[in-house]
file target02.cif (mmCIF, C-alpha atoms)
data_input
loop_
_atom_site.group_PDB
_atom_site.id
_atom_site.type_symbol
_atom_site.label_atom_id
_atom_site.label_comp_id
_atom_site.auth_asym_id
_atom_site.auth_seq_id
_atom_site.Cartn_x
_atom_site.Cartn_y
_atom_site.Cartn_z
ATOM 1 C CA MET A 10 0.000 0.000 0.000
ATOM 2 C CA SER A 11 1.354 3.364 -0.906
ATOM 3 C CA LEU A 12 1.859 6.150 1.579
ATOM 4 C CA ARG A 13 -0.723 8.283 -0.226
ATOM 5 C CA VAL A 14 -3.435 5.659 0.226
ATOM 6 C CA ALA A 15 -2.560 5.262 3.913
ATOM 7 C CA LEU A 16 -2.702 9.027 4.459
ATOM 8 C CA LEU A 17 -6.012 9.269 2.598
ATOM 9 C CA ILE A 18 -7.506 6.530 4.775
ATOM 10 C CA LEU A 19 -6.204 8.218 7.920
ATOM 11 C CA MET A 20 -7.681 11.545 6.804
ATOM 12 C CA VAL A 21 -11.071 9.872 6.354
ATOM 13 C CA VAL A 22 -11.141 7.684 9.492
ATOM 14 C CA TYR A 23 -9.642 10.069 12.076
ATOM 15 C CA PRO A 24 -12.208 12.910 11.703
ATOM 16 C CA THR A 25 -15.110 10.472 11.857
ATOM 17 C CA LEU A 26 -13.985 9.392 15.318
ATOM 18 C CA ALA A 27 -14.374 12.983 16.484
ATOM 19 C CA HIS A 28 -18.045 12.824 15.503
ATOM 20 C CA ASP A 29 -18.890 10.295 18.219
ATOM 21 C CA LEU A 30 -20.703 11.682 21.233
ATOM 22 C CA ILE A 31 -20.048 9.634 24.338
ATOM 23 C CA ILE A 32 -21.853 9.993 27.664
ATOM 24 C CA ASP A 33 -20.200 8.710 30.832
ATOM 25 C CA ALA A 34 -21.965 8.759 34.194
ATOM 26 C CA GLU A 35 -20.602 8.651 37.731
ATOM 27 C CA LEU A 36 -22.814 8.199 40.776
ATOM 28 C CA ASP A 37 -21.724 10.320 43.739
ATOM 29 C CA GLN A 38 -24.657 10.325 46.138
ATOM 30 C CA PRO A 39 -26.792 12.456 46.067
ATOM 31 C CA ASN A 40 -25.586 13.596 42.633
ATOM 32 C CA VAL A 41 -25.010 12.059 39.237
ATOM 33 C CA ARG A 42 -22.112 13.561 37.290
ATOM 34 C CA LEU A 43 -22.287 13.264 33.509
ATOM 35 C CA ALA A 44 -19.304 13.712 31.201
ATOM 36 C CA ALA A 45 -19.846 14.255 27.478
ATOM 37 C CA SER A 46 -16.909 13.736 25.145
ATOM 38 C CA ASN A 47 -16.207 13.167 21.487
ATOM 39 C CA GLY A 48 -14.729 9.943 20.137
ATOM 40 C CA LEU A 49 -11.199 11.276 20.519
ATOM 41 C CA GLY A 50 -11.661 11.984 24.225
ATOM 42 C CA GLY A 51 -12.099 15.755 24.031
ATOM 43 C CA PRO A 52 -14.898 17.353 26.065
ATOM 44 C CA THR A 53 -18.178 18.314 24.413
ATOM 45 C CA THR A 54 -18.712 21.839 25.738
ATOM 46 C CA ARG A 55 -21.922 23.890 25.788
ATOM 47 C CA ALA A 56 -24.033 20.961 24.622
ATOM 48 C CA THR A 57 -27.720 20.872 25.554
ATOM 49 C CA VAL A 58 -28.536 18.342 28.278
ATOM 50 C CA SER A 59 -32.010 17.003 29.054
ATOM 51 C CA VAL A 60 -32.577 14.537 31.900
ATOM 52 C CA PHE A 61 -35.881 12.673 32.134
ATOM 53 C CA ALA A 62 -37.165 10.990 35.288
ATOM 54 C CA PRO A 63 -38.006 7.274 35.258
ATOM 55 C CA GLY A 64 -41.404 6.747 33.648
ATOM 56 C CA ASN A 65 -41.629 10.302 32.252
ATOM 57 C CA PRO A 66 -39.881 10.546 28.861
ATOM 58 C CA GLU A 67 -41.912 13.589 27.745
ATOM 59 C CA THR A 68 -40.829 16.399 30.084
ATOM 60 C CA PRO A 69 -37.222 16.832 31.235
ATOM 61 C CA LEU A 70 -36.823 17.197 34.982
ATOM 62 C CA PHE A 71 -33.346 18.719 34.574
ATOM 63 C CA ALA A 72 -32.012 20.746 31.647
ATOM 64 C CA GLY A 73 -28.954 22.847 30.955
ATOM 65 C CA LEU A 74 -25.610 23.007 29.172
ATOM 66 C CA THR A 75 -22.400 21.068 29.663
ATOM 67 C CA ASP A 76 -19.530 22.999 31.209
ATOM 68 C CA ALA A 77 -16.037 23.569 29.794
ATOM 69 C CA ASP A 78 -15.070 20.004 30.771
ATOM 70 C CA GLY A 79 -18.172 18.499 29.137
ATOM 71 C CA GLY A 80 -19.712 17.923 32.571
ATOM 72 C CA PHE A 81 -23.232 18.239 33.906
ATOM 73 C CA THR A 82 -24.437 17.336 37.401
ATOM 74 C CA PHE A 83 -27.959 16.623 38.581
ATOM 75 C CA ALA A 84 -29.499 15.357 41.800
ATOM 76 C CA PRO A 85 -32.102 12.664 41.067
ATOM 77 C CA SER A 86 -35.075 12.552 43.401
ATOM 78 C CA ASP A 87 -35.718 8.836 42.907
ATOM 79 C CA GLU A 88 -33.845 5.694 42.054
ATOM 80 C CA GLY A 89 -34.459 4.098 38.674
ATOM 81 C CA ASP A 90 -33.479 4.466 35.038
ATOM 82 C CA TRP A 91 -32.988 8.139 34.168
ATOM 83 C CA LEU A 92 -32.889 9.026 30.464
ATOM 84 C CA VAL A 93 -30.084 11.428 29.554
ATOM 85 C CA VAL A 94 -30.070 13.168 26.153
ATOM 86 C CA ILE A 95 -27.150 15.341 25.051
ATOM 87 C CA ASP A 96 -27.184 17.330 21.804
ATOM 88 C CA ASP A 97 -24.215 19.477 20.781
ATOM 89 C CA GLY A 98 -26.229 21.452 18.221
ATOM 90 C CA TYR A 99 -23.994 20.358 15.326
ATOM 91 C CA GLY A 100 -25.832 17.178 14.426
ATOM 92 C CA HIS A 101 -24.369 14.998 17.160
ATOM 93 C CA ARG A 102 -26.914 13.647 19.612
ATOM 94 C CA GLU A 103 -26.631 10.779 22.064
ATOM 95 C CA GLN A 104 -28.918 9.334 24.674
ATOM 96 C CA ARG A 105 -28.535 6.669 27.315
ATOM 97 C CA PHE A 106 -30.132 5.430 30.466
ATOM 98 C CA VAL A 107 -28.322 5.936 33.757
ATOM 99 C CA THR A 108 -29.461 3.530 36.437
ATOM 100 C CA VAL A 109 -29.529 5.248 39.814
ATOM 101 C CA ASP A 110 -29.347 2.673 42.589
ATOM 102 C CA TRP A 111 -27.713 4.092 45.697
ATOM 103 C CA ALA A 112 -27.446 0.623 47.252
ATOM 104 C CA THR A 113 -24.893 -0.463 44.655
ATOM 105 C CA SER A 114 -23.592 3.010 43.663
ATOM 106 C CA ALA A 115 -22.463 1.646 40.326
ATOM 107 C CA PRO A 116 -23.599 3.372 37.142
ATOM 108 C CA ASP A 117 -25.114 1.361 34.333
ATOM 109 C CA GLN A 118 -22.178 1.608 31.953
ATOM 110 C CA GLU A 119 -22.027 -0.009 28.573
ATOM 111 C CA PRO A 120 -18.501 -1.146 27.789
ATOM 112 C CA ARG A 121 -16.921 1.383 25.472
ATOM 113 C CA PRO A 122 -14.459 0.204 22.845
ATOM 114 C CA SER A 123 -11.098 1.929 22.784
ATOM 115 C CA LEU A 124 -10.066 4.435 20.165
ATOM 116 C CA TRP A 125 -7.739 1.908 18.523
ATOM 117 C CA SER A 126 -10.368 -0.810 18.301
ATOM 118 C CA ARG A 127 -12.847 1.624 16.716
ATOM 119 C CA ALA A 128 -10.175 2.842 14.275
ATOM 120 C CA GLY A 129 -9.321 -0.774 13.436
ATOM 121 C CA ALA A 130 -12.973 -1.588 12.857
ATOM 122 C CA GLY A 131 -13.279 1.431 10.562
ATOM 123 C CA LEU A 132 -10.217 0.418 8.566
ATOM 124 C CA ALA A 133 -11.469 -3.174 8.321
ATOM 125 C CA LEU A 134 -14.783 -1.873 6.995
ATOM 126 C CA ILE A 135 -13.050 0.315 4.415
ATOM 127 C CA PHE A 136 -10.661 -2.407 3.218
ATOM 128 C CA GLY A 137 -13.337 -5.102 3.306
ATOM 129 C CA SER A 138 -15.825 -3.109 1.252
ATOM 130 C CA THR A 139 -13.074 -2.079 -1.192
ATOM 131 C CA ALA A 140 -12.003 -5.714 -1.646
ATOM 132 C CA PHE A 141 -15.621 -6.782 -2.095
ATOM 133 C CA PHE A 142 -16.273 -4.239 -4.835
ATOM 134 C CA MET A 143 -12.938 -4.910 -6.543
ATOM 135 C CA TRP A 144 -13.673 -8.662 -6.522
ATOM 136 C CA GLY A 145 -17.118 -8.038 -8.004
ATOM 137 C CA ASN A 146 -15.669 -5.874 -10.762
ATOM 138 C CA LYS A 147 -12.755 -8.108 -11.746
ATOM 139 C CA ARG A 148 -12.484 -8.564 -15.433
ATOM 140 C CA THR A 149 -11.699 -11.784 -17.158
ATOM 141 C CA PRO A 150 -9.297 -11.578 -20.039
ATOM 142 C CA PRO A 151 -10.905 -12.028 -23.460
ATOM 143 C CA PRO A 152 -10.440 -15.488 -25.003
ATOM 144 C CA GLN A 153 -7.725 -15.719 -27.603
#
call {"tool": "encode", "arguments": {"input": "target02.cif", "output": "structure tokens"}}
result
Amino acid sequence: MSLRVALLILMVVYPTLAHDLIIDAELDQPNVRLAASNGLGGPTTRATVSVFAPGNPETPLFAGLTDADGGFTFAPSDEGDWLVVIDDGYGHREQRFVTVDWATSAPDQEPRPSLWSRAGAGLALIFGSTAFFMWGNKRTPPPQ
């Protein structure tokens, strides 16, 4: 593979990782601290946050903006699954449920793949689809 192709792939894959919006939650009784970041680990600042109480997905109980570190803190009144929606206003929106259970004090975290595994998956998708289309378009030499 030539250096130009590698650089082109890197220029395509790397910016797409920045388009991820990731929500992390940390339970610190009586508060829940949210952290919004992009796929490269940078904070998502001044994003709109809406937090919905368990059983009430229509009206947010808490609303505001993330701070300079991508953080937002709220104090849930009840235990249960709280819906958190974060929208950065640039087309990136993510939502997740945060399970508040003070007895266990462990947030409901989905395992998050690392940056390298996501980049590898993106490259595998690019190379796999390229190979598939090249295989489908292979030409047979004309008979002689």
call {"tool": "closest_residue", "arguments": {"input": "target02.cif", "among": "A:Leu74, A:Ala34, A:Leu49, A:Leu134", "to": "A:Gly98", "atoms": "only C-alpha atoms"}}
result
A:Leu74
call {"tool": "atom_distance", "arguments": {"input": "target02.cif", "atom1": "atom CA of A:Gly64", "atom2": "atom CA of A:His101"}}
result
25.1 Å
call {"tool": "atom_distance", "arguments": {"input": "target02.cif", "atom1": "atom CA of A:Phe106", "atom2": "atom CA of A:Asp37"}}
result
16.5 Å
call {"tool": "closest_residue", "arguments": {"input": "target02.cif", "among": "A:Trp91, A:Pro85, A:Arg102, A:Gly50", "to": "A:Asn65", "atoms": "only C-alpha atoms"}}
result
A:Trp91
call {"tool": "closest_residue", "arguments": {"input": "target02.cif", "among": "A:Ala112, A:Leu132, A:Leu70, A:Leu30", "to": "A:Ile95", "atoms": "all atoms listed in the file"}}
result
A:Leu30
call {"tool": "closest_residue", "arguments": {"input": "target02.cif", "among": "A:Ala45, A:Ala133, A:Phe141, A:Arg105", "to": "A:Asp76", "atoms": "all atoms listed in the file"}}
result
A:Ala45
call {"tool": "atom_distance", "arguments": {"input": "target02.cif", "atom1": "atom CA of A:Phe61", "atom2": "atom CA of A:Val93"}}
result
6.5 Å
call {"tool": "resolve_selection", "arguments": {"input": "target02.cif", "expression": "the PyMOL selection byres ((chain A and resi 38) around 10)", "output": "short mmCIF file (atom, residue, chain, number, x, y, z; two decimals) with C-alpha atoms, in the coordinates of the input"}}
result
data_model
loop_
_atom_site.label_atom_id
_atom_site.label_comp_id
_atom_site.auth_asym_id
_atom_site.auth_seq_id
_atom_site.Cartn_x
_atom_site.Cartn_y
_atom_site.Cartn_z
CA GLU A 35 -20.60 8.65 37.73
CA LEU A 36 -22.81 8.20 40.78
CA ASP A 37 -21.72 10.32 43.74
CA PRO A 39 -26.79 12.46 46.07
CA ASN A 40 -25.59 13.60 42.63
CA VAL A 41 -25.01 12.06 39.24
CA ARG A 42 -22.11 13.56 37.29
CA ALA A 84 -29.50 15.36 41.80
CA PRO A 85 -32.10 12.66 41.07
CA VAL A 109 -29.53 5.25 39.81
CA ASP A 110 -29.35 2.67 42.59
CA TRP A 111 -27.71 4.09 45.70
CA SER A 114 -23.59 3.01 43.66
#
call {"tool": "closest_residue", "arguments": {"input": "target02.cif", "among": "A:Thr75, A:Ser126, A:Thr108, A:Ser138", "to": "A:Thr53", "atoms": "only C-alpha atoms"}}
result
A:Thr75
call {"tool": "closest_residue", "arguments": {"input": "target02.cif", "among": "A:Ile135, A:Gly100, A:Leu92, A:Ala130", "to": "A:Pro66", "atoms": "only C-alpha atoms"}}
result
A:Leu92
